[in-house]
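Asks: Submitted below is the structure of interest, expressed as structure tokens.
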Amino acid sequence: ENPDGIIVQFGGQTPLKLAVPLEKYLKSDEAKKAGVKSKILGTSPDSIDIAEDRDRFIAILEELNIRQPANGVARSYEQAFEVSKKIGFPLMVRPSYVLGGRGMEIVYDENELRAYMSNDVVVESEHPVLIDSFLSNAIEVDVDAIADSTGQVVIGGIMEHIEEAGIHSGDSACSLPAVTIPYEAMVTIRQWTEALAQRLNVVGLMNIQWAVQG
């Protein structure tokens, strides 16, 4: 097949992980020799990678003055322990570039952190572990939006999780519309969602989770 374009925004994490290597192939001499003229439609693979790459994403959050939990990255227990000393327990830990909530855990002390850093999901990953301060007693808010190439962003829904933050969105129940989120927080959620979509040059679908605390 030689389609005009390929959409990688459907199907969850798997097509997103394939976006960068797929783009590399489409631009390669091998693809040209094979007569492949397809291109990736919608949000660019580089923008997708920014959302996955902790360092690049943090830089954008700081540029937009969007608040985030204290965080760090680690490739070993020693590095994770140093991050934990700066942030403090409990911690939300998960591998980067993985399917949904696979490998995500909340750890409460050094022993649990050591056990987590030695499990197969972490050891076999070529990417670092993401470590965030766990926001206790926070409400998670799931936002679905769509944007076009002109930067116009339309928010389709703002869903309030029934469970406290820490339950993966795929395993949780949501209320639409949100019930207990203060008006001021809803305004901020809308502003930050639009700002992120525009800064990441999203063209197509976007899903993002926010945490509301206090």
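Within each chain, counting starts at residue 1; across the structure tokens, chains are named A, B, ... in the order shown, with ligands numbered 1 upward in that order.
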Do a neighbour search on A:Met104 at 10 Å with only C-alpha atoms, toss out local chain neighbours closer than 5 positions, and write the hits as a ChimeraX atom specification.
Replies: /A:92-96,98,116,121,129-130,166-168
Asks: Excluding stretch 58-66 of chain A and its own-chain neighbours fewer than 6 positions away, which residues fall within 8 Å of it when counting only C-alpha atoms? Please give them as a PyMOL selection string.
Replies: chain A and resi 192+195-196+199
Asks: So that I can check the surroundings of A:Pro128, please list as a PDB file with all heavy atoms, in the first residue's frame every protein, DNA and RNA residue that reaches within 10 Å of it, counting only C-alpha atoms and ignoring chain neighbours fewer than 6 positions away.
Replies:
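New file around-v6.pdb:
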ATOM      1  N   ASP A  53       9.262  13.071  26.056  1.00  0.00           N
ATOM      2  CA  ASP A  53      10.598  13.331  26.582  1.00  0.00           C
ATOM      3  C   ASP A  53      10.499  14.291  27.770  1.00  0.00           C
ATOM      4  O   ASP A  53      10.146  15.458  27.611  1.00  0.00           O
ATOM      5  CB  ASP A  53      11.476  13.924  25.476  1.00  0.00           C
ATOM      6  CG  ASP A  53      12.928  14.093  25.890  1.00  0.00           C
ATOM      7  OD1 ASP A  53      13.201  14.877  26.820  1.00  0.00           O
ATOM      8  OD2 ASP A  53      13.798  13.447  25.283  1.00  0.00           O
ATOM      9  N   ARG A  54      10.838  13.794  28.960  1.00  0.00           N
ATOM     10  CA  ARG A  54      10.626  14.578  30.177  1.00  0.00           C
ATOM     11  C   ARG A  54      11.358  15.918  30.137  1.00  0.00           C
ATOM     12  O   ARG A  54      10.789  16.964  30.454  1.00  0.00           O
ATOM     13  CB  ARG A  54      11.059  13.750  31.388  1.00  0.00           C
ATOM     14  CG  ARG A  54      11.024  14.482  32.731  1.00  0.00           C
ATOM     15  CD  ARG A  54       9.682  15.101  33.054  1.00  0.00           C
ATOM     16  NE  ARG A  54       8.599  14.155  33.157  1.00  0.00           N
ATOM     17  CZ  ARG A  54       8.174  13.626  34.295  1.00  0.00           C
ATOM     18  NH1 ARG A  54       8.761  13.937  35.425  1.00  0.00           N
ATOM     19  NH2 ARG A  54       7.159  12.802  34.307  1.00  0.00           N
ATOM     20  N   GLY A  72      11.816  14.245  38.596  1.00  0.00           N
ATOM     21  CA  GLY A  72      13.155  13.937  38.127  1.00  0.00           C
ATOM     22  C   GLY A  72      13.119  12.670  37.298  1.00  0.00           C
ATOM     23  O   GLY A  72      12.063  12.053  37.119  1.00  0.00           O
ATOM     24  N   VAL A  73      14.262  12.265  36.770  1.00  0.00           N
ATOM     25  CA  VAL A  73      14.367  11.027  35.997  1.00  0.00           C
ATOM     26  C   VAL A  73      15.537  10.218  36.540  1.00  0.00           C
ATOM     27  O   VAL A  73      16.466  10.753  37.147  1.00  0.00           O
ATOM     28  CB  VAL A  73      14.567  11.295  34.488  1.00  0.00           C
ATOM     29  CG1 VAL A  73      13.375  12.037  33.915  1.00  0.00           C
ATOM     30  CG2 VAL A  73      15.843  12.087  34.238  1.00  0.00           C
ATOM     31  N   ALA A  74      15.492   8.908  36.307  1.00  0.00           N
ATOM     32  CA  ALA A  74      16.561   8.034  36.810  1.00  0.00           C
ATOM     33  C   ALA A  74      16.681   6.803  35.927  1.00  0.00           C
ATOM     34  O   ALA A  74      15.693   6.305  35.383  1.00  0.00           O
ATOM     35  CB  ALA A  74      16.274   7.614  38.248  1.00  0.00           C
ATOM     36  N   ARG A  75      17.914   6.302  35.810  1.00  0.00           N
ATOM     37  CA  ARG A  75      18.174   5.068  35.078  1.00  0.00           C
ATOM     38  C   ARG A  75      18.702   3.971  35.999  1.00  0.00           C
ATOM     39  O   ARG A  75      18.984   2.871  35.543  1.00  0.00           O
ATOM     40  CB  ARG A  75      19.175   5.317  33.947  1.00  0.00           C
ATOM     41  CG  ARG A  75      18.650   6.230  32.844  1.00  0.00           C
ATOM     42  CD  ARG A  75      19.668   6.431  31.747  1.00  0.00           C
ATOM     43  NE  ARG A  75      19.164   7.296  30.689  1.00  0.00           N
ATOM     44  CZ  ARG A  75      18.449   6.874  29.654  1.00  0.00           C
ATOM     45  NH1 ARG A  75      18.148   5.587  29.553  1.00  0.00           N
ATOM     46  NH2 ARG A  75      18.029   7.716  28.726  1.00  0.00           N
ATOM     47  N   SER A  76      18.837   4.281  37.269  1.00  0.00           N
ATOM     48  CA  SER A  76      19.337   3.303  38.232  1.00  0.00           C
ATOM     49  C   SER A  76      18.746   3.616  39.601  1.00  0.00           C
ATOM     50  O   SER A  76      18.198   4.711  39.818  1.00  0.00           O
ATOM     51  CB  SER A  76      20.864   3.359  38.318  1.00  0.00           C
ATOM     52  OG  SER A  76      21.288   4.599  38.869  1.00  0.00           O
ATOM     53  N   ARG A  94       7.138   5.690  36.999  1.00  0.00           N
ATOM     54  CA  ARG A  94       6.714   4.939  35.818  1.00  0.00           C
ATOM     55  C   ARG A  94       7.772   5.042  34.740  1.00  0.00           C
ATOM     56  O   ARG A  94       8.476   6.056  34.636  1.00  0.00           O
ATOM     57  CB  ARG A  94       5.373   5.441  35.276  1.00  0.00           C
ATOM     58  CG  ARG A  94       5.429   6.865  34.721  1.00  0.00           C
ATOM     59  CD  ARG A  94       4.051   7.326  34.270  1.00  0.00           C
ATOM     60  NE  ARG A  94       4.055   8.697  33.770  1.00  0.00           N
ATOM     61  CZ  ARG A  94       4.257   9.017  32.498  1.00  0.00           C
ATOM     62  NH1 ARG A  94       4.482   8.071  31.595  1.00  0.00           N
ATOM     63  NH2 ARG A  94       4.240  10.278  32.107  1.00  0.00           N
ATOM     64  N   PRO A  95       7.897   3.999  33.918  1.00  0.00           N
ATOM     65  CA  PRO A  95       8.827   4.084  32.790  1.00  0.00           C
ATOM     66  C   PRO A  95       8.315   5.091  31.767  1.00  0.00           C
ATOM     67  O   PRO A  95       7.100   5.283  31.638  1.00  0.00           O
ATOM     68  CB  PRO A  95       8.827   2.664  32.209  1.00  0.00           C
ATOM     69  CG  PRO A  95       8.213   1.808  33.264  1.00  0.00           C
ATOM     70  CD  PRO A  95       7.258   2.684  34.022  1.00  0.00           C
ATOM     71  N   SER A  96       9.198   5.745  31.049  1.00  0.00           N
ATOM     72  CA  SER A  96       8.778   6.621  29.954  1.00  0.00           C
ATOM     73  C   SER A  96       8.601   5.788  28.689  1.00  0.00           C
ATOM     74  O   SER A  96       9.127   4.680  28.579  1.00  0.00           O
ATOM     75  CB  SER A  96       9.821   7.718  29.725  1.00  0.00           C
ATOM     76  OG  SER A  96      11.125   7.176  29.598  1.00  0.00           O
ATOM     77  N   TYR A  97       7.831   6.313  27.754  1.00  0.00           N
ATOM     78  CA  TYR A  97       7.595   5.656  26.466  1.00  0.00           C
ATOM     79  C   TYR A  97       7.002   4.255  26.630  1.00  0.00           C
ATOM     80  O   TYR A  97       7.437   3.298  25.985  1.00  0.00           O
ATOM     81  CB  TYR A  97       8.895   5.543  25.658  1.00  0.00           C
ATOM     82  CG  TYR A  97       9.479   6.865  25.221  1.00  0.00           C
ATOM     83  CD1 TYR A  97      10.344   7.571  26.050  1.00  0.00           C
ATOM     84  CD2 TYR A  97       9.178   7.411  23.982  1.00  0.00           C
ATOM     85  CE1 TYR A  97      10.898   8.773  25.659  1.00  0.00           C
ATOM     86  CE2 TYR A  97       9.737   8.614  23.567  1.00  0.00           C
ATOM     87  CZ  TYR A  97      10.590   9.290  24.416  1.00  0.00           C
ATOM     88  OH  TYR A  97      11.140  10.489  24.022  1.00  0.00           O
ATOM     89  N   VAL A 122      11.373  -1.968  34.191  1.00  0.00           N
ATOM     90  CA  VAL A 122      12.371  -0.901  34.282  1.00  0.00           C
ATOM     91  C   VAL A 122      13.707  -1.354  33.721  1.00  0.00           C
ATOM     92  O   VAL A 122      14.340  -0.659  32.920  1.00  0.00           O
ATOM     93  CB  VAL A 122      12.532  -0.448  35.754  1.00  0.00           C
ATOM     94  CG1 VAL A 122      13.668   0.555  35.877  1.00  0.00           C
ATOM     95  CG2 VAL A 122      11.234   0.139  36.262  1.00  0.00           C
TER      96      VAL A 122
END
Asks: Run DSSP on the backbone and give me the residues of stretch 43-213 of chain A it puts in strand (DSSP E), as a PyMOL selection string.
Replies: chain A and resi 71-74+91-95+105-107+129-133+138-147+153-164+174-175+204-213
Asks: Using the selection just defined, write its residues with N, CA and C atoms as a compact mmCIF listing (two decimals), in the first residue's frame.
Replies:
# COMPACT_ATOMS: atom_id res chain seq x y z
N ASN A 71 9.83 16.83 40.25
CA ASN A 71 10.07 15.61 39.51
C ASN A 71 11.52 15.42 39.14
N GLY A 72 11.82 14.25 38.60
CA GLY A 72 13.15 13.94 38.13
C GLY A 72 13.12 12.67 37.30
N VAL A 73 14.26 12.26 36.77
CA VAL A 73 14.37 11.03 36.00
C VAL A 73 15.54 10.22 36.54
N ALA A 74 15.49 8.91 36.31
CA ALA A 74 16.56 8.03 36.81
C ALA A 74 16.68 6.80 35.93
N LEU A 91 6.16 8.84 46.06
CA LEU A 91 6.53 9.16 44.70
C LEU A 91 5.67 8.39 43.71
N MET A 92 5.37 9.03 42.60
CA MET A 92 4.75 8.35 41.47
C MET A 92 5.88 8.00 40.51
N VAL A 93 6.04 6.71 40.21
CA VAL A 93 7.13 6.28 39.34
C VAL A 93 6.55 5.49 38.16
N ARG A 94 7.14 5.69 37.00
CA ARG A 94 6.71 4.94 35.82
C ARG A 94 7.77 5.04 34.74
N PRO A 95 7.90 4.00 33.92
CA PRO A 95 8.83 4.08 32.79
C PRO A 95 8.31 5.09 31.77
N GLU A 105 3.54 2.99 39.43
CA GLU A 105 3.31 2.64 40.82
C GLU A 105 3.51 3.86 41.71
N ILE A 106 2.92 3.79 42.90
CA ILE A 106 3.18 4.78 43.94
C ILE A 106 4.07 4.11 44.97
N VAL A 107 5.23 4.68 45.26
CA VAL A 107 6.14 4.09 46.24
C VAL A 107 6.24 5.02 47.45
N VAL A 129 13.32 6.17 33.94
CA VAL A 129 12.11 6.13 34.77
C VAL A 129 11.74 7.57 35.15
N LEU A 130 10.46 7.89 35.03
CA LEU A 130 9.96 9.20 35.42
C LEU A 130 9.54 9.16 36.88
N ILE A 131 10.00 10.13 37.65
CA ILE A 131 9.72 10.17 39.09
C ILE A 131 9.08 11.51 39.42
N ASP A 132 7.88 11.45 40.00
CA ASP A 132 7.16 12.67 40.36
C ASP A 132 6.73 12.61 41.82
N SER A 133 6.68 13.77 42.44
CA SER A 133 6.08 13.85 43.77
C SER A 133 4.61 13.48 43.64
N ALA A 138 -5.51 14.59 45.69
CA ALA A 138 -5.75 15.42 44.50
C ALA A 138 -6.82 14.76 43.63
N ILE A 139 -7.51 15.56 42.86
CA ILE A 139 -8.52 15.07 41.92
C ILE A 139 -7.92 15.14 40.51
N GLU A 140 -8.01 14.05 39.78
CA GLU A 140 -7.51 14.04 38.42
C GLU A 140 -8.61 14.47 37.45
N VAL A 141 -8.22 15.26 36.47
CA VAL A 141 -9.15 15.76 35.47
C VAL A 141 -8.63 15.38 34.09
N ASP A 142 -9.48 14.72 33.32
CA ASP A 142 -9.12 14.24 31.98
C ASP A 142 -9.72 15.18 30.95
N VAL A 143 -8.90 15.69 30.03
CA VAL A 143 -9.38 16.64 29.03
C VAL A 143 -9.14 16.08 27.63
N ASP A 144 -10.17 16.09 26.81
CA ASP A 144 -10.05 15.74 25.39
C ASP A 144 -10.24 17.01 24.57
N ALA A 145 -9.32 17.22 23.64
CA ALA A 145 -9.39 18.42 22.80
C ALA A 145 -8.97 18.07 21.38
N ILE A 146 -9.26 18.98 20.47
CA ILE A 146 -8.84 18.83 19.09
C ILE A 146 -8.37 20.19 18.59
N ALA A 147 -7.34 20.20 17.77
CA ALA A 147 -6.79 21.46 17.28
C ALA A 147 -6.51 21.36 15.77
N VAL A 153 -8.12 25.74 19.02
CA VAL A 153 -8.28 24.58 19.89
C VAL A 153 -9.72 24.51 20.38
N VAL A 154 -10.33 23.33 20.25
CA VAL A 154 -11.68 23.11 20.74
C VAL A 154 -11.61 22.01 21.79
N ILE A 155 -12.10 22.31 22.99
CA ILE A 155 -12.11 21.33 24.08
C ILE A 155 -13.45 20.59 24.03
N GLY A 156 -13.36 19.27 23.82
CA GLY A 156 -14.58 18.48 23.68
C GLY A 156 -15.19 18.07 25.00
N GLY A 157 -14.33 17.87 26.02
CA GLY A 157 -14.86 17.45 27.31
C GLY A 157 -13.84 17.58 28.41
N ILE A 158 -14.30 17.94 29.60
CA ILE A 158 -13.46 17.99 30.79
C ILE A 158 -14.10 17.04 31.80
N MET A 159 -13.44 15.91 32.04
CA MET A 159 -14.00 14.83 32.86
C MET A 159 -13.32 14.75 34.22
N GLU A 160 -14.09 14.70 35.25
CA GLU A 160 -13.57 14.59 36.61
C GLU A 160 -13.52 13.13 37.04
N HIS A 161 -12.35 12.66 37.44
CA HIS A 161 -12.22 11.29 37.91
C HIS A 161 -12.94 11.12 39.26
N ILE A 162 -13.61 10.00 39.41
CA ILE A 162 -14.28 9.70 40.67
C ILE A 162 -13.25 9.34 41.74
N GLU A 163 -12.27 8.50 41.38
CA GLU A 163 -11.21 8.13 42.31
C GLU A 163 -10.20 9.27 42.44
N GLU A 164 -9.45 9.26 43.54
CA GLU A 164 -8.38 10.25 43.70
C GLU A 164 -7.29 9.99 42.68
N CYS A 174 -15.30 8.28 35.43
CA CYS A 174 -15.29 9.74 35.30
C CYS A 174 -16.70 10.30 35.30
N SER A 175 -16.78 11.57 35.69
CA SER A 175 -18.04 12.30 35.63
C SER A 175 -17.92 13.39 34.57
N GLY A 204 -4.98 17.83 15.31
CA GLY A 204 -5.75 16.61 15.51
C GLY A 204 -6.11 16.46 16.97
N LEU A 205 -6.11 15.22 17.44
CA LEU A 205 -6.57 14.91 18.79
C LEU A 205 -5.50 15.15 19.84
N MET A 206 -5.97 15.47 21.05
CA MET A 206 -5.08 15.65 22.20
C MET A 206 -5.81 15.23 23.46
N ASN A 207 -5.14 14.45 24.28
CA ASN A 207 -5.67 14.06 25.60
C ASN A 207 -4.65 14.43 26.65
N ILE A 208 -5.12 15.01 27.73
CA ILE A 208 -4.19 15.45 28.78
C ILE A 208 -4.87 15.30 30.14
N GLN A 209 -4.08 14.96 31.15
CA GLN A 209 -4.60 14.85 32.52
C GLN A 209 -4.01 15.95 33.39
N TRP A 210 -4.88 16.57 34.18
CA TRP A 210 -4.47 17.58 35.15
C TRP A 210 -4.80 17.07 36.55
N ALA A 211 -4.09 17.60 37.53
CA ALA A 211 -4.39 17.28 38.93
C ALA A 211 -4.80 18.56 39.64
N VAL A 212 -5.92 18.49 40.35
CA VAL A 212 -6.41 19.63 41.11
C VAL A 212 -6.29 19.28 42.59
N GLN A 213 -5.55 20.08 43.32
CA GLN A 213 -5.30 19.79 44.74
C GLN A 213 -5.73 20.97 45.60
Asks: Hey, what's within 10 Å of A:Gln9 if we count only C-alpha atoms and toss same-chain stuff fewer than 5 positions away? As a ChimeraX atom specification, please?
Replies: /A:14-16,19,41-43,48,203-206
Asks: What separation in Å, quoted to one decimal, exists between atom CA of A:Thr193 and atom CA of A:Gly5?
Replies: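 Atom CA of A:Gly5 lies 26.8 Å from atom CA of A:Thr193.
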Asks: Can you tell me how far atom CA of A:Glu126 sits from atom CA of A:Val83, in Å to one decimal?
Replies: 19.2 Å
Asks: Could you tell me how far atom CA of A:Thr188 lies from atom CA of A:Pro69, in Å and to one decimal?
Replies: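 Separation of atom CA of A:Thr188 and atom CA of A:Pro69: 16.2 Å.
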Asks: To test your reading of the structure, identify every residue in chain A that backbone DSSP assigns to alpha helix (DSSP H), and report it as a ChimeraX atom specification.
Replies: /A:13-26,29-33,45-52,54-63,77-87,110-117,120-123,183-199
Asks: Restricting the output to C-alpha atoms, write the selected residues as a PDB file, in the first residue's frame.
Replies:
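The result, written out as selection05.pdb:
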ATOM      1  CA  GLN A  13       0.548   4.574  22.854  1.00  0.00           C
ATOM      2  CA  THR A  14       1.587   1.999  20.243  1.00  0.00           C
ATOM      3  CA  PRO A  15       1.255   4.207  17.128  1.00  0.00           C
ATOM      4  CA  LEU A  16       2.759   7.135  19.035  1.00  0.00           C
ATOM      5  CA  LYS A  17       5.852   5.044  19.758  1.00  0.00           C
ATOM      6  CA  LEU A  18       6.056   4.167  16.065  1.00  0.00           C
ATOM      7  CA  ALA A  19       5.747   7.779  14.869  1.00  0.00           C
ATOM      8  CA  VAL A  20       9.432   8.797  15.066  1.00  0.00           C
ATOM      9  CA  PRO A  21      10.904   5.641  13.464  1.00  0.00           C
ATOM     10  CA  LEU A  22       8.106   5.681  10.861  1.00  0.00           C
ATOM     11  CA  GLU A  23       8.913   9.255   9.889  1.00  0.00           C
ATOM     12  CA  LYS A  24      12.604   8.352   9.679  1.00  0.00           C
ATOM     13  CA  TYR A  25      11.736   5.526   7.285  1.00  0.00           C
ATOM     14  CA  LEU A  26       9.440   7.683   5.139  1.00  0.00           C
ATOM     15  CA  ASP A  29      16.442   6.435   0.620  1.00  0.00           C
ATOM     16  CA  GLU A  30      14.908   2.996   1.138  1.00  0.00           C
ATOM     17  CA  ALA A  31      11.399   4.452   1.063  1.00  0.00           C
ATOM     18  CA  LYS A  32      12.193   6.582  -1.984  1.00  0.00           C
ATOM     19  CA  LYS A  33      13.568   3.577  -3.877  1.00  0.00           C
ATOM     20  CA  PRO A  45       6.405  13.058  15.358  1.00  0.00           C
ATOM     21  CA  ASP A  46       8.741  15.620  16.904  1.00  0.00           C
ATOM     22  CA  SER A  47       5.863  17.206  18.836  1.00  0.00           C
ATOM     23  CA  ILE A  48       4.766  13.742  19.943  1.00  0.00           C
ATOM     24  CA  ASP A  49       8.303  13.046  21.144  1.00  0.00           C
ATOM     25  CA  ILE A  50       8.389  16.328  23.088  1.00  0.00           C
ATOM     26  CA  ALA A  51       5.336  15.178  25.044  1.00  0.00           C
ATOM     27  CA  GLU A  52       7.149  11.896  25.864  1.00  0.00           C
ATOM     28  CA  ARG A  54      10.626  14.578  30.177  1.00  0.00           C
ATOM     29  CA  ASP A  55      13.399  17.179  29.749  1.00  0.00           C
ATOM     30  CA  ARG A  56      11.909  18.697  26.595  1.00  0.00           C
ATOM     31  CA  PHE A  57       8.399  18.721  28.066  1.00  0.00           C
ATOM     32  CA  ILE A  58       9.512  20.358  31.324  1.00  0.00           C
ATOM     33  CA  ALA A  59      11.160  23.148  29.324  1.00  0.00           C
ATOM     34  CA  ILE A  60       7.828  23.892  27.629  1.00  0.00           C
ATOM     35  CA  LEU A  61       5.889  23.814  30.910  1.00  0.00           C
ATOM     36  CA  GLU A  62       8.346  26.301  32.398  1.00  0.00           C
ATOM     37  CA  GLU A  63       8.105  28.493  29.303  1.00  0.00           C
ATOM     38  CA  TYR A  77      18.361   2.904  41.872  1.00  0.00           C
ATOM     39  CA  GLU A  78      21.212   5.202  42.898  1.00  0.00           C
ATOM     40  CA  GLN A  79      19.890   7.982  40.678  1.00  0.00           C
ATOM     41  CA  ALA A  80      16.318   7.332  41.833  1.00  0.00           C
ATOM     42  CA  PHE A  81      17.434   7.506  45.472  1.00  0.00           C
ATOM     43  CA  GLU A  82      19.060  10.895  44.867  1.00  0.00           C
ATOM     44  CA  VAL A  83      15.855  12.177  43.270  1.00  0.00           C
ATOM     45  CA  SER A  84      13.814  10.850  46.206  1.00  0.00           C
ATOM     46  CA  LYS A  85      15.995  12.747  48.669  1.00  0.00           C
ATOM     47  CA  LYS A  86      15.243  16.000  46.848  1.00  0.00           C
ATOM     48  CA  ILE A  87      11.515  15.374  46.347  1.00  0.00           C
ATOM     49  CA  GLU A 110      13.326   3.427  49.961  1.00  0.00           C
ATOM     50  CA  ASN A 111      12.641  -0.321  50.010  1.00  0.00           C
ATOM     51  CA  GLU A 112       9.689   0.021  47.655  1.00  0.00           C
ATOM     52  CA  LEU A 113      11.736   2.290  45.390  1.00  0.00           C
ATOM     53  CA  ARG A 114      14.598  -0.225  45.293  1.00  0.00           C
ATOM     54  CA  ALA A 115      12.174  -3.042  44.435  1.00  0.00           C
ATOM     55  CA  TYR A 116      10.573  -0.973  41.688  1.00  0.00           C
ATOM     56  CA  MET A 117      13.890  -0.043  40.065  1.00  0.00           C
ATOM     57  CA  ASP A 120      11.684  -6.225  34.582  1.00  0.00           C
ATOM     58  CA  VAL A 121       9.714  -3.352  33.073  1.00  0.00           C
ATOM     59  CA  VAL A 122      12.371  -0.901  34.282  1.00  0.00           C
ATOM     60  CA  VAL A 123      15.467  -3.028  33.714  1.00  0.00           C
ATOM     61  CA  TYR A 183     -14.729  27.490  38.567  1.00  0.00           C
ATOM     62  CA  GLU A 184     -11.281  29.083  38.840  1.00  0.00           C
ATOM     63  CA  ALA A 185      -9.613  25.692  38.334  1.00  0.00           C
ATOM     64  CA  MET A 186     -11.774  24.992  35.278  1.00  0.00           C
ATOM     65  CA  VAL A 187     -10.721  28.306  33.749  1.00  0.00           C
ATOM     66  CA  THR A 188      -7.051  27.465  34.353  1.00  0.00           C
ATOM     67  CA  ILE A 189      -7.492  23.967  32.900  1.00  0.00           C
ATOM     68  CA  ARG A 190      -8.960  25.441  29.721  1.00  0.00           C
ATOM     69  CA  GLN A 191      -6.211  28.075  29.436  1.00  0.00           C
ATOM     70  CA  TRP A 192      -3.366  25.618  30.012  1.00  0.00           C
ATOM     71  CA  THR A 193      -4.850  23.005  27.657  1.00  0.00           C
ATOM     72  CA  GLU A 194      -5.126  25.539  24.850  1.00  0.00           C
ATOM     73  CA  ALA A 195      -1.636  26.904  25.532  1.00  0.00           C
ATOM     74  CA  LEU A 196      -0.069  23.425  25.460  1.00  0.00           C
ATOM     75  CA  ALA A 197      -1.895  22.405  22.296  1.00  0.00           C
ATOM     76  CA  GLN A 198      -0.731  25.548  20.529  1.00  0.00           C
ATOM     77  CA  ARG A 199       2.848  25.319  21.790  1.00  0.00           C
TER      78      ARG A 199
END
Asks: Pick from A:Gly151, A:Gly214, A:Pro182, A:Pro177: nearest to A:Leu135, with only C-alpha atoms counted?
Replies: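 Residue with the minimum atom-to-atom distance to A:Leu135: A:Gly214.
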Asks: Measuring atom to atom with only C-alpha atoms, identify which of A:Ser44, A:Thr180, A:Ser169, A:Asn201 is nearest to A:Val8.
Replies: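 Selected residue with least distance to A:Val8: A:Ser44.
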Asks: Between A:Gly35, A:Val202, A:Lys27, A:Arg67, which residue has the minimum interatomic distance to A:Glu1, considering only C-alpha atoms?
Replies: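 Looking at the shortest contact to A:Glu1, the residue is A:Gly35.
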